[in-house]
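Report on one structure; see the data block that follows.
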Protein chains: 2
Amino acid sequence: MSIKLTFLGTGDAGGVPLFGCNCSICLQMKKDGIRRSPCSAVISFGSCSFLIDAGRTDLLALFDQYQFKRILLTHYHADHVQGLFHIRWGNPALNIPVHGPVDEQGCADLLKHPGILDFTDQMIPFLCREFNGISITPVPLNHSKLTLGYCFDYKGKRVAYLTDTLGLPLETESFLLSWQPDILILDCSHPPGHAHMRNHNDLMTALCIHNKISPAESWLTHIGHELELYWHAQGIELPSNVFIATDGYQLTVR
Amino acid sequence: MSIKLTFLGTGDAGGVPLFGCNCSICLQMKKDGIRRSPCSAVISFGSCSFLIDAGRTDLLALFDQYQFKRILLTHYHADHVQGLFHIRWGNPALNIPVHGPVDEQGCADLLKHPGILDFTDQMIPFLCREFNGISITPVPLNHSKLTLGYCFDYKGKRVAYLTDTLGLPLETESFLLSWQPDILILDCSHPPGHAHMRNHNDLMTALCIHNKISPAESWLTHIGHELELYWHAQGIELPSNVFIATDGYQLTVR
């Protein structure tokens, strides 16, 4: 009766290490072969798995591993959908439901030429849906493009996945306060007081959201190299129930 | 004084093996760990390398290996540019020239948010340019989107790279007849007599072009799984100077 969330990617649009960057953390991670890939995750329950966001471009291998029944998209920025450009031209006998916000433009020609991807069943803010036995409530976020977070409820176990966002819209905050997630997955791209904060949380904003919603645990994702560098340089202490996600890490809510 | 061309990818938009396909060749290649990745190549001369098309999404590793000075784009379909979505957010100190056809729309928000990529110096059909000591003449192709082939001349060694296309426009054919490439790299996506041939050559059309232009060698690329299956099932014989490209294969013109 548990729900599992596996982080497939915990990086921002540029990822860490950043292309061409010689900062100490990028060099160290490159040396160690550690990466933060495009922000994405697997939600698993019963015998079923859904992919959340499709920025990783090795989706063929991931489909082999997880046999995703559906794909959920938070929004249509390239770093969240670029893996779909390729797999849409797969075996025409397949039909893969992809649920995202209503966004007529989509990304490039994805909606115009969907191939084996079925984008027709879109998600409406606060309209709870049940798919394969899990309840999903989409919640609006604050981003430069229409973006949805997803609140998963599987037999009373609750996980909220909230990227990409800067703060939260009031109605989303109200929903979460009453819904009370066990686990909050939260956008946290920038170090505290980042000069050009737009569209993504810095560490202070993420911690404010954590404190307000007060889940059992929060996990920070969509991490940029400046935040990575800040953490390693400053060695800051997070609250005991706030954690930094890493690619491949799996959470279980029992 | 040689010019080298390395095939980084020789697959069509879906690649081979095709996602979710259970045909014998897809299953065999999957088992053997062999792939045809998105169609792309490296052209190398002196101490310099350029990337031709950016559909491979592991460009960070490829940049480390080849230190590309420039990127040439044949056109803005996703399978030829999707690797750029990621690297554009690299170290802001970098500036990577990307030369493609004049296409105001580009792909998704690439041109609107180019990051470290510099798209300003565009290629004009038949306007020969010299970059880092190599001459490049762009030639128009027949495709669903404005598409250019590239004719490279390095100290008299000539390579023409012609994807994606169905046949050739007359003026391109005339140019090639007088220019006389040593090596012709040619779109060949479909088996002979493919029912829905659009935008890409089938084997017969590719061989017609080879016969007409009469280069020393032709290499076929942008290969789909149906053509792959056809070759393996039929065991057809190609002319002795026509070859099927494979990912990773390197040609040298001395």
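Just remember, in the structure tokens the first chain shown is A, the second B, etc., residues are 1-based per chain, and ligands are 1-based in the order shown.
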
Using only C-alpha atoms, determine which residues of chain A fall within 7 Å of chain B; present them as a VMD selection string. chain A and resid 13 to 14 18 to 21 57 60 78 to 79 82 85 to 87 89 to 91 107 to 108

Looking only at helix (DSSP H, G or I) from DSSP on the backbone, list the matching residues of segment 143-176 of chain B as a VMD selection string. chain B and resid 170 to 176

Spatial neighbours of Leu168 of chain B, max dist 10 Å, only C-alpha atoms, sep filter under 6 positions, as a list in words: Val139, Pro140, Leu141, Asn142, His143, Leu162, Ser174, Asn201, Thr205, Ala206 and Ile209 of chain B

Spatial neighbours of Cys128 of chain A, 8 Å, only C-alpha atoms, chain gap at least 2 places, as an NGL selection string: :A and (126 or 130 or 135-138)

Report as a JSON list (two decimals) with C-alpha atoms, in the first residue's frame all protein, DNA and RNA residues lying within 9 Å of Asn95 of chain A, evaluated on only C-alpha atoms, omitting residues in the same chain fewer than 5 positions from it.
[["chain", "number", "residue", "atom", "x", "y", "z"],
["A", 115, "GLY", "CA", 3.11, 10.42, -33.06],
["A", 116, "ILE", "CA", 2.33, 7.72, -30.47],
["A", 117, "LEU", "CA", 1.80, 10.26, -27.67],
["A", 118, "ASP", "CA", -1.79, 11.11, -26.75]]

So, counting only C-alpha atoms, which residue among A:Met123, A:Cys39, A:Leu186, A:Leu238 is closest to Trp219 of chain A? A:Leu186

Tell me which protein, DNA and RNA residues are within 7 Å of Ser2 of chain A, counting only C-alpha atoms, leaving out same-chain ones fewer than 4 positions away, and put them as a PyMOL selection string. chain A and resi 45+252-254

Find the residues near Glu217 of chain A: any atom within 7 Å, counting only C-alpha atoms, skip ones fewer than 2 places away on the same chain, and give them as number ranges by chain. A: 182-184, 215, 219, 241-242

Saved selection, atoms kept: C-alpha atoms, as a JSON list (two decimals), in the first residue's frame:
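Generated output (result09.json):
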[["chain", "number", "residue", "atom", "x", "y", "z"],
["A", 182, "ASP", "CA", 3.31, 13.48, 3.82],
["A", 183, "ILE", "CA", 6.07, 14.42, 1.39],
["A", 184, "LEU", "CA", 6.60, 17.74, -0.36],
["A", 215, "PRO", "CA", 4.73, 18.22, 5.69],
["A", 219, "TRP", "CA", 12.80, 17.24, -0.58],
["A", 241, "ASN", "CA", 13.05, 17.06, 7.92],
["A", 242, "VAL", "CA", 14.30, 18.89, 4.79]]
